[in-house]
$ cat query_22.txt   # compact mmCIF, C-alpha atoms and all ligand atoms
# COMPACT_ATOMS: atom_id res chain seq x y z
CA MET A 149 0.56 3.80 13.83
CA SER A 150 -1.28 0.65 14.62
CA ASN A 151 -1.20 -3.09 14.15
CA VAL A 152 -3.38 -4.71 11.52
CA THR A 153 -4.90 -8.17 11.84
CA VAL A 154 -6.35 -10.15 8.95
CA ARG A 155 -8.24 -13.07 10.44
CA ARG A 156 -9.59 -15.96 8.34
CA VAL A 157 -10.62 -13.57 5.62
CA ARG A 158 -12.47 -14.83 2.58
CA LYS A 159 -13.72 -12.93 -0.43
CA SER A 160 -16.16 -13.99 -3.11
CA PHE A 161 -17.19 -12.09 -6.19
CA GLY A 162 -20.62 -13.56 -6.94
CA PRO A 163 -20.26 -17.34 -6.73
CA VAL A 164 -16.49 -17.29 -7.17
CA GLU A 165 -14.27 -17.30 -4.09
CA VAL A 166 -10.93 -15.56 -4.78
CA ILE A 167 -9.51 -15.24 -1.22
CA HIS A 168 -9.69 -18.54 0.63
CA GLY A 169 -9.13 -17.81 4.32
CA VAL A 170 -6.12 -15.57 4.88
CA ASP A 171 -4.47 -14.89 8.26
CA ILE A 172 -1.85 -12.15 8.62
CA ASP A 173 -0.69 -10.33 11.77
CA ILE A 174 1.06 -7.06 11.04
CA ALA A 175 2.86 -5.39 13.93
CA ASP A 176 2.83 -1.73 14.84
CA GLY A 177 5.21 0.11 12.55
CA GLU A 178 6.03 -2.95 10.46
CA PHE A 179 6.62 -2.81 6.68
CA VAL A 180 4.94 -5.90 5.22
CA VAL A 181 5.01 -6.74 1.51
CA LEU A 182 2.32 -8.89 -0.11
CA VAL A 183 3.91 -10.57 -3.11
CA GLY A 184 2.68 -13.10 -5.64
CA PRO A 185 1.81 -13.52 -9.30
CA SER A 186 -0.84 -11.46 -11.04
CA GLY A 187 -4.36 -12.51 -10.08
CA CYS A 188 -3.42 -14.13 -6.73
CA GLY A 189 -5.56 -11.67 -4.76
CA LYS A 190 -3.11 -9.02 -3.50
CA SER A 191 -5.17 -6.00 -4.56
CA THR A 192 -8.40 -7.54 -3.33
CA LEU A 193 -6.88 -8.12 0.09
CA LEU A 194 -5.48 -4.59 0.23
CA ARG A 195 -8.80 -3.13 -0.88
CA MET A 196 -10.56 -5.04 1.91
CA ILE A 197 -8.12 -3.54 4.43
CA ALA A 198 -8.84 -0.09 2.96
CA GLY A 199 -12.60 -0.65 3.01
CA LEU A 200 -12.96 -0.45 -0.76
CA GLU A 201 -14.22 -4.05 -0.96
CA SER A 202 -16.56 -5.81 1.44
CA ILE A 203 -15.27 -8.76 3.45
CA THR A 204 -17.23 -11.94 2.70
CA LYS A 205 -16.05 -13.86 5.79
CA GLY A 206 -13.61 -13.29 8.64
CA ALA A 207 -12.44 -10.03 10.15
CA ILE A 208 -9.96 -7.23 9.68
CA LEU A 209 -8.80 -5.29 12.72
CA VAL A 210 -6.88 -2.03 12.95
CA GLY A 211 -5.52 -1.91 16.47
CA ASP A 212 -8.15 -3.67 18.60
CA LYS A 213 -11.03 -2.49 16.49
CA ILE A 214 -12.88 -4.61 13.93
CA VAL A 215 -13.22 -2.40 10.87
CA ASN A 216 -15.27 -4.72 8.62
CA HIS A 217 -18.21 -2.38 8.44
CA LEU A 218 -16.43 0.97 8.60
CA PRO A 219 -16.32 3.03 5.39
CA PRO A 220 -12.82 3.94 4.10
CA SER A 221 -13.07 7.46 5.50
CA GLN A 222 -13.40 6.13 9.05
CA ARG A 223 -10.49 3.66 8.96
CA ASP A 224 -7.58 6.05 9.40
CA ILE A 225 -5.81 4.39 6.49
CA ALA A 226 -4.27 6.07 3.44
CA MET A 227 -3.74 4.24 0.17
CA VAL A 228 -1.32 5.00 -2.68
CA PHE A 229 -2.37 3.49 -5.99
CA GLN A 230 -0.54 2.36 -9.10
CA ASN A 231 -2.37 4.90 -11.21
CA TYR A 232 -1.86 7.82 -8.89
CA ALA A 233 -4.64 9.99 -10.29
CA LEU A 234 -3.62 13.54 -9.44
CA TYR A 235 -6.11 16.30 -10.11
CA PRO A 236 -4.70 17.91 -13.27
CA HIS A 237 -6.28 21.32 -12.69
CA MET A 238 -4.91 21.64 -9.14
CA LYS A 239 -1.45 22.76 -8.08
CA VAL A 240 0.71 20.27 -6.16
CA LYS A 241 -0.12 21.94 -2.84
CA ASP A 242 -3.85 21.75 -3.55
CA ASN A 243 -3.60 18.13 -4.62
CA MET A 244 -2.02 17.41 -1.25
CA ALA A 245 -4.45 19.59 0.71
CA PHE A 246 -7.64 18.42 -0.96
CA ALA A 247 -8.53 15.49 1.31
CA LEU A 248 -7.82 17.56 4.41
CA ARG A 249 -10.02 20.44 3.29
CA LEU A 250 -12.74 17.94 2.45
CA ARG A 251 -12.60 16.84 6.09
CA GLY A 252 -13.02 20.41 7.24
CA MET A 253 -9.54 20.88 8.71
CA ASP A 254 -8.66 24.51 9.33
CA ALA A 255 -6.51 26.27 6.75
CA ARG A 256 -3.51 26.81 9.00
CA GLU A 257 -3.25 23.16 10.01
CA VAL A 258 -3.69 22.17 6.35
CA SER A 259 -0.82 24.33 5.15
CA GLN A 260 1.44 23.17 7.99
CA ARG A 261 0.81 19.55 7.08
CA VAL A 262 1.32 20.17 3.37
CA GLU A 263 4.58 22.02 4.01
CA ARG A 264 5.87 19.28 6.28
CA ALA A 265 5.01 16.52 3.79
CA ALA A 266 6.59 18.54 0.97
CA GLU A 267 9.75 18.93 3.02
CA ILE A 268 9.92 15.19 3.77
CA LEU A 269 9.43 14.33 0.09
CA GLY A 270 11.63 17.05 -1.40
CA LEU A 271 8.63 18.70 -3.04
CA THR A 272 8.95 22.17 -1.53
CA PRO A 273 10.12 23.80 -4.80
CA PHE A 274 7.23 22.25 -6.70
CA LEU A 275 4.24 23.20 -4.55
CA ASP A 276 2.95 25.80 -7.02
CA ARG A 277 3.34 23.63 -10.10
CA TYR A 278 0.67 21.64 -11.86
CA PRO A 279 1.00 17.83 -12.25
CA ARG A 280 1.75 18.12 -15.98
CA GLN A 281 4.84 20.18 -15.11
CA LEU A 282 6.32 17.31 -13.06
CA SER A 283 8.34 14.20 -13.87
CA GLY A 284 6.95 10.71 -13.21
CA GLY A 285 8.92 10.40 -9.98
CA GLN A 286 7.77 13.79 -8.74
CA ARG A 287 4.16 12.88 -9.47
CA GLN A 288 4.58 9.68 -7.51
CA ARG A 289 5.92 11.74 -4.60
CA VAL A 290 2.85 14.00 -4.75
CA ALA A 291 0.67 10.89 -4.58
CA MET A 292 2.60 9.83 -1.47
CA GLY A 293 2.28 13.36 -0.11
CA ARG A 294 -1.48 13.11 -0.31
CA ALA A 295 -1.27 10.03 1.91
CA ILE A 296 1.29 11.49 4.35
CA VAL A 297 -0.63 14.71 5.09
CA ARG A 298 -3.43 12.65 6.55
CA ASP A 299 -1.03 11.22 9.15
CA PRO A 300 -2.82 7.86 9.03
CA GLN A 301 -2.39 4.81 11.27
CA VAL A 302 -1.67 2.67 8.21
CA PHE A 303 -0.27 3.17 4.69
CA LEU A 304 -1.35 0.86 1.88
CA PHE A 305 0.57 0.79 -1.40
CA ASP A 306 -0.70 -1.10 -4.46
CA GLU A 307 2.15 -1.52 -6.95
CA PRO A 308 3.00 2.18 -6.71
CA LEU A 309 6.13 1.92 -8.87
CA SER A 310 4.94 -0.23 -11.75
CA ASN A 311 4.43 2.73 -14.10
CA LEU A 312 7.96 4.04 -13.59
CA ASP A 313 11.07 3.14 -15.56
CA ALA A 314 13.55 0.68 -14.05
CA LYS A 315 16.05 3.22 -12.75
CA LEU A 316 13.45 5.41 -11.09
CA ARG A 317 11.78 2.33 -9.64
CA VAL A 318 14.95 1.37 -7.79
CA GLN A 319 15.41 4.93 -6.54
CA MET A 320 11.81 5.18 -5.33
CA ARG A 321 12.15 1.90 -3.41
CA THR A 322 14.86 3.54 -1.36
CA GLU A 323 12.82 6.70 -0.90
CA ILE A 324 9.77 4.80 0.31
CA LYS A 325 11.90 2.85 2.76
CA GLU A 326 13.51 6.07 4.04
CA LEU A 327 10.07 7.55 4.43
CA HIS A 328 9.04 4.53 6.48
CA GLN A 329 12.13 4.76 8.64
CA ARG A 330 11.29 8.37 9.33
CA LEU A 331 7.54 8.09 9.95
CA LYS A 332 7.38 4.48 11.21
CA THR A 333 3.83 4.17 9.94
CA THR A 334 2.55 0.59 9.64
CA THR A 335 2.72 -0.23 5.92
CA VAL A 336 1.24 -2.93 3.70
CA TYR A 337 2.88 -2.82 0.28
CA VAL A 338 1.74 -4.90 -2.69
CA THR A 339 3.99 -5.90 -5.58
CA HIS A 340 4.34 -8.78 -8.04
CA ASP A 341 8.09 -8.10 -8.15
CA GLN A 342 9.98 -10.46 -5.82
CA VAL A 343 13.14 -8.33 -5.87
CA GLU A 344 11.17 -5.30 -4.76
CA ALA A 345 9.60 -7.43 -2.02
CA MET A 346 12.92 -8.84 -0.84
CA THR A 347 14.64 -5.46 -0.69
CA MET A 348 11.85 -3.50 0.99
CA ALA A 349 10.08 -5.79 3.43
CA ASP A 350 10.49 -6.37 7.15
CA ARG A 351 8.44 -9.47 6.39
CA ILE A 352 7.02 -10.77 3.14
CA VAL A 353 3.72 -12.57 2.62
CA VAL A 354 3.93 -14.87 -0.40
CA MET A 355 0.52 -15.49 -1.98
CA GLN A 356 -0.79 -17.83 -4.64
CA ASP A 357 -4.37 -18.32 -5.83
CA GLY A 358 -6.00 -16.53 -2.91
CA ARG A 359 -3.92 -18.25 -0.23
CA VAL A 360 -0.88 -17.37 1.84
CA GLU A 361 1.96 -19.78 1.08
CA GLN A 362 4.51 -18.36 3.52
CA ILE A 363 5.12 -15.40 5.82
CA GLY A 364 8.58 -14.48 7.03
CA GLU A 365 11.59 -12.22 6.88
CA PRO A 366 13.01 -12.01 3.35
CA LEU A 367 16.17 -13.99 4.05
CA GLU A 368 14.29 -16.63 6.01
CA VAL A 369 11.89 -17.14 3.09
CA PHE A 370 14.76 -17.14 0.61
CA ASP A 371 16.81 -19.66 2.61
CA ARG A 372 13.93 -21.86 3.71
CA PRO A 373 11.03 -21.63 1.26
CA ALA A 374 7.98 -23.47 2.59
CA ASN A 375 7.28 -25.25 -0.69
CA LEU A 376 8.17 -25.51 -4.37
CA PHE A 377 5.93 -22.61 -5.34
CA VAL A 378 7.70 -20.21 -2.97
CA ALA A 379 11.11 -21.51 -4.00
CA GLY A 380 10.29 -21.02 -7.68
CA PHE A 381 8.69 -17.64 -7.28
CA ILE A 382 11.30 -16.08 -5.01
CA GLY A 383 14.19 -17.69 -6.86
CA SER A 384 13.20 -16.64 -10.37
CA PRO A 385 14.57 -13.47 -11.98
CA SER A 386 12.07 -10.59 -12.13
P1 LIG B 1 -3.69 -9.26 -7.93
O1 LIG B 1 -3.80 -7.89 -7.36
O2 LIG B 1 -2.85 -10.20 -7.10
O3 LIG B 1 -3.24 -9.28 -9.36
P2 LIG B 1 -6.58 -9.27 -7.70
O4 LIG B 1 -6.84 -9.09 -6.26
O5 LIG B 1 -6.73 -8.08 -8.59
O6 LIG B 1 -5.15 -9.93 -7.91
O7 LIG B 1 -7.54 -10.39 -8.26
C1 LIG B 1 -7.72 -11.64 -7.60
C2 LIG B 1 -8.80 -12.44 -8.33
O8 LIG B 1 -10.06 -11.80 -8.13
C3 LIG B 1 -8.59 -12.51 -9.83
O9 LIG B 1 -9.00 -13.77 -10.26
C4 LIG B 1 -9.51 -11.43 -10.35
O10 LIG B 1 -9.95 -11.73 -11.66
C5 LIG B 1 -10.66 -11.47 -9.37
N1 LIG B 1 -11.33 -10.17 -9.21
C6 LIG B 1 -10.78 -9.03 -8.74
N2 LIG B 1 -11.68 -8.04 -8.68
C7 LIG B 1 -12.85 -8.55 -9.15
C8 LIG B 1 -14.17 -8.04 -9.33
N3 LIG B 1 -14.47 -6.77 -9.02
N4 LIG B 1 -15.11 -8.88 -9.82
C9 LIG B 1 -14.82 -10.17 -10.10
N5 LIG B 1 -13.60 -10.73 -9.95
C10 LIG B 1 -12.62 -9.94 -9.47
MG MG B 2 -3.28 -6.02 -8.24

$ encode --input "query_22.txt" --output "structure tokens" --more "lines below"
Ligand code: ADP
Ligand code: MG
Amino acid sequence: MSNVTVRRVRKSFGPVEVIHGVDIDIADGEFVVLVGPSGCGKSTLLRMIAGLESITKGAILVGDKIVNHLPPSQRDIAMVFQNYALYPHMKVKDNMAFALRLRGMDAREVSQRVERAAEILGLTPFLDRYPRQLSGGQRQRVAMGRAIVRDPQVFLFDEPLSNLDAKLRVQMRTEIKELHQRLKTTTVYVTHDQVEAMTMADRIVVMQDGRVEQIGEPLEVFDRPANLFVAGFIGSPS
């Protein structure tokens, strides 16, 4: 695990600036949730941390190292997406092993990592199945498994539960938190759902229109919102 620093980061798409100077310090092993309405820049920020978008101004550090110009594969970061595209023609175990094989890891180490991740996620009985033979929740676990096997310094989640039904969503929140308690990997988790943010975060980062409105522990933000936007957003039913 590692700390992540976002320092005066700006992002423009063409002439339009969408992230207007964001500062966030994420501690080693911390679970930070970026929350805010649709279009406020959560995914763009996460994609800059992952290396999937360039950084227009400012810097992003993982540990002490500026990663601005490193490609995603050299950042030691694993990302779980909303549309967890599993490879349909590959068994669960091969979906999880794929990125490791691509990196040339030896077969024994690959299968040990896959087995361990499957054990952590309760996927051991499903390793020989194909994605279409799994439920939505199981598929989401496979997507997380693909991230876990890489044993990254940082996990990034972009609305990983938004395609699941309400009951499963609540269950998966607990599972992701348990996973974090077990692995203690630094995590940046994006959601537009304030209840999800409040229940999962060590600290939440409330964003609006490409700016950070407030950073703090959930109860602190709830009790002492920095402004009317935060009060309205956190206080409204999801
Ligand atoms: P969120 O994830 O909070 O919903 P996004 O980061 O997806 O927000 O988007 C932030 C802003 O950046 C939005 O106004 C969106 O339209 C714009 N945006 C995102 N990606 C692109 C892109 N590739 N080209 C142009 N504008 C983009
Ligand atoms: Mg988004």

$ closest_residue --input "query_22.txt" --among "A:Met355, A:Leu194, A:Met244, A:Leu234" --to "ligand MG 2 (chain B)" --atoms "only C-alpha atoms and all ligand atoms"
A:Leu194

$ closest_residue --input "query_22.txt" --among "A:Pro279, A:Pro185, A:Gly199, A:Pro163" --to "Met227 of chain A" --atoms "only C-alpha atoms"
A:Gly199

$ residues_around --input "query_22.txt" --residues "Gln260 of chain A" --least-positions-apart "2" --cutoff "12 Å" --atoms "all atoms listed in the file" --output "NGL selection string"
:A and (241 or 244-245 or 248 or 253-258 or 262-267 or 297-298)

$ write_last_selection --input "query_22.txt" --atoms "C-alpha atoms" --output "PDB file, keeping the file's coordinate frame"
ATOM      1  CA  LYS A 241      -0.120  21.940  -2.840  1.00  0.00           C
ATOM      2  CA  MET A 244      -2.020  17.410  -1.250  1.00  0.00           C
ATOM      3  CA  ALA A 245      -4.450  19.590   0.710  1.00  0.00           C
ATOM      4  CA  LEU A 248      -7.820  17.560   4.410  1.00  0.00           C
ATOM      5  CA  MET A 253      -9.540  20.880   8.710  1.00  0.00           C
ATOM      6  CA  ASP A 254      -8.660  24.510   9.330  1.00  0.00           C
ATOM      7  CA  ALA A 255      -6.510  26.270   6.750  1.00  0.00           C
ATOM      8  CA  ARG A 256      -3.510  26.810   9.000  1.00  0.00           C
ATOM      9  CA  GLU A 257      -3.250  23.160  10.010  1.00  0.00           C
ATOM     10  CA  VAL A 258      -3.690  22.170   6.350  1.00  0.00           C
ATOM     11  CA  VAL A 262       1.320  20.170   3.370  1.00  0.00           C
ATOM     12  CA  GLU A 263       4.580  22.020   4.010  1.00  0.00           C
ATOM     13  CA  ARG A 264       5.870  19.280   6.280  1.00  0.00           C
ATOM     14  CA  ALA A 265       5.010  16.520   3.790  1.00  0.00           C
ATOM     15  CA  ALA A 266       6.590  18.540   0.970  1.00  0.00           C
ATOM     16  CA  GLU A 267       9.750  18.930   3.020  1.00  0.00           C
ATOM     17  CA  VAL A 297      -0.630  14.710   5.090  1.00  0.00           C
ATOM     18  CA  ARG A 298      -3.430  12.650   6.550  1.00  0.00           C
TER      19      ARG A 298
END

$ atom_distance --input "query_22.txt" --atom1 "atom P1 of ligand LIG 1 (chain B)" --atom2 "atom CA of Glu178 of chain A"
21.7 Å

$ residues_around --input "query_22.txt" --residues "Ile208 of chain A" --least-positions-apart "6" --cutoff "8 Å" --atoms "only C-alpha atoms" --output "mmCIF file with C-alpha atoms, in the coordinates of the input"
data_model
loop_
_atom_site.group_PDB
_atom_site.id
_atom_site.type_symbol
_atom_site.label_atom_id
_atom_site.label_comp_id
_atom_site.auth_asym_id
_atom_site.auth_seq_id
_atom_site.Cartn_x
_atom_site.Cartn_y
_atom_site.Cartn_z
ATOM 1 C CA VAL A 152 -3.380 -4.710 11.520
ATOM 2 C CA THR A 153 -4.900 -8.170 11.840
ATOM 3 C CA VAL A 154 -6.350 -10.150 8.950
ATOM 4 C CA ARG A 155 -8.240 -13.070 10.440
ATOM 5 C CA VAL A 157 -10.620 -13.570 5.620
ATOM 6 C CA ILE A 197 -8.120 -3.540 4.430
ATOM 7 C CA ILE A 214 -12.880 -4.610 13.930
ATOM 8 C CA VAL A 215 -13.220 -2.400 10.870
ATOM 9 C CA ASN A 216 -15.270 -4.720 8.620
#

$ atom_distance --input "query_22.txt" --atom1 "atom CA of Val183 of chain A" --atom2 "atom CA of Phe370 of chain A"
13.2 Å

$ atom_distance --input "query_22.txt" --atom1 "atom CA of Thr192 of chain A" --atom2 "atom CA of Arg372 of chain A"
27.4 Å

$ residues_around --input "query_22.txt" --residues "Asp313 of chain A" --least-positions-apart "5" --cutoff "10 Å" --atoms "all atoms listed in the file" --output "list in words"
Gly284, Gly285 and Val318 of chain A

$ closest_residue --input "query_22.txt" --among "A:Asn151, A:Thr347, A:Thr339, A:Ser384" --to "ligand MG 2 (chain B)" --atoms "only C-alpha atoms and all ligand atoms"
A:Thr339

$ residues_around --input "query_22.txt" --residues "Tyr278 of chain A" --least-positions-apart "5" --cutoff "8 Å" --atoms "only C-alpha atoms" --output "MDAnalysis selection string"
chainID A and resid 236:240

$ residues_near_ligand --input "query_22.txt" --ligand "ligand LIG 1 (chain B)" --cutoff "12 Å" --atoms "only C-alpha atoms and all ligand atoms" --output "PyMOL selection string"
chain A and resi 158-168+182-196+200-202+229-230+305-307+337-341+353-360

$ closest_residue --input "query_22.txt" --among "A:Glu365, A:Ser221, A:Pro308, A:Arg317" --to "ligand MG 2 (chain B)" --atoms "only C-alpha atoms and all ligand atoms"
A:Pro308

$ closest_residue --input "query_22.txt" --among "A:Gln286, A:Ser310, A:Ala345, A:Ile203" --to "ligand MG 2 (chain B)" --atoms "all atoms listed in the file"
A:Ser310

$ closest_residue --input "query_22.txt" --among "A:Asp171, A:Pro373, A:Asp212, A:Phe179" --to "Val336 of chain A" --atoms "all atoms listed in the file"
A:Phe179

$ axis_aligned_box --input "query_22.txt" --around "segment 324-330 of chain A" --padding-each-side "8 Å" --output "lines of an AutoDock Vina configuration file"
center_x = 11.3
center_y = 5.6
center_z = 4.8
size_x = 20.5
size_y = 21.5
size_z = 25.0
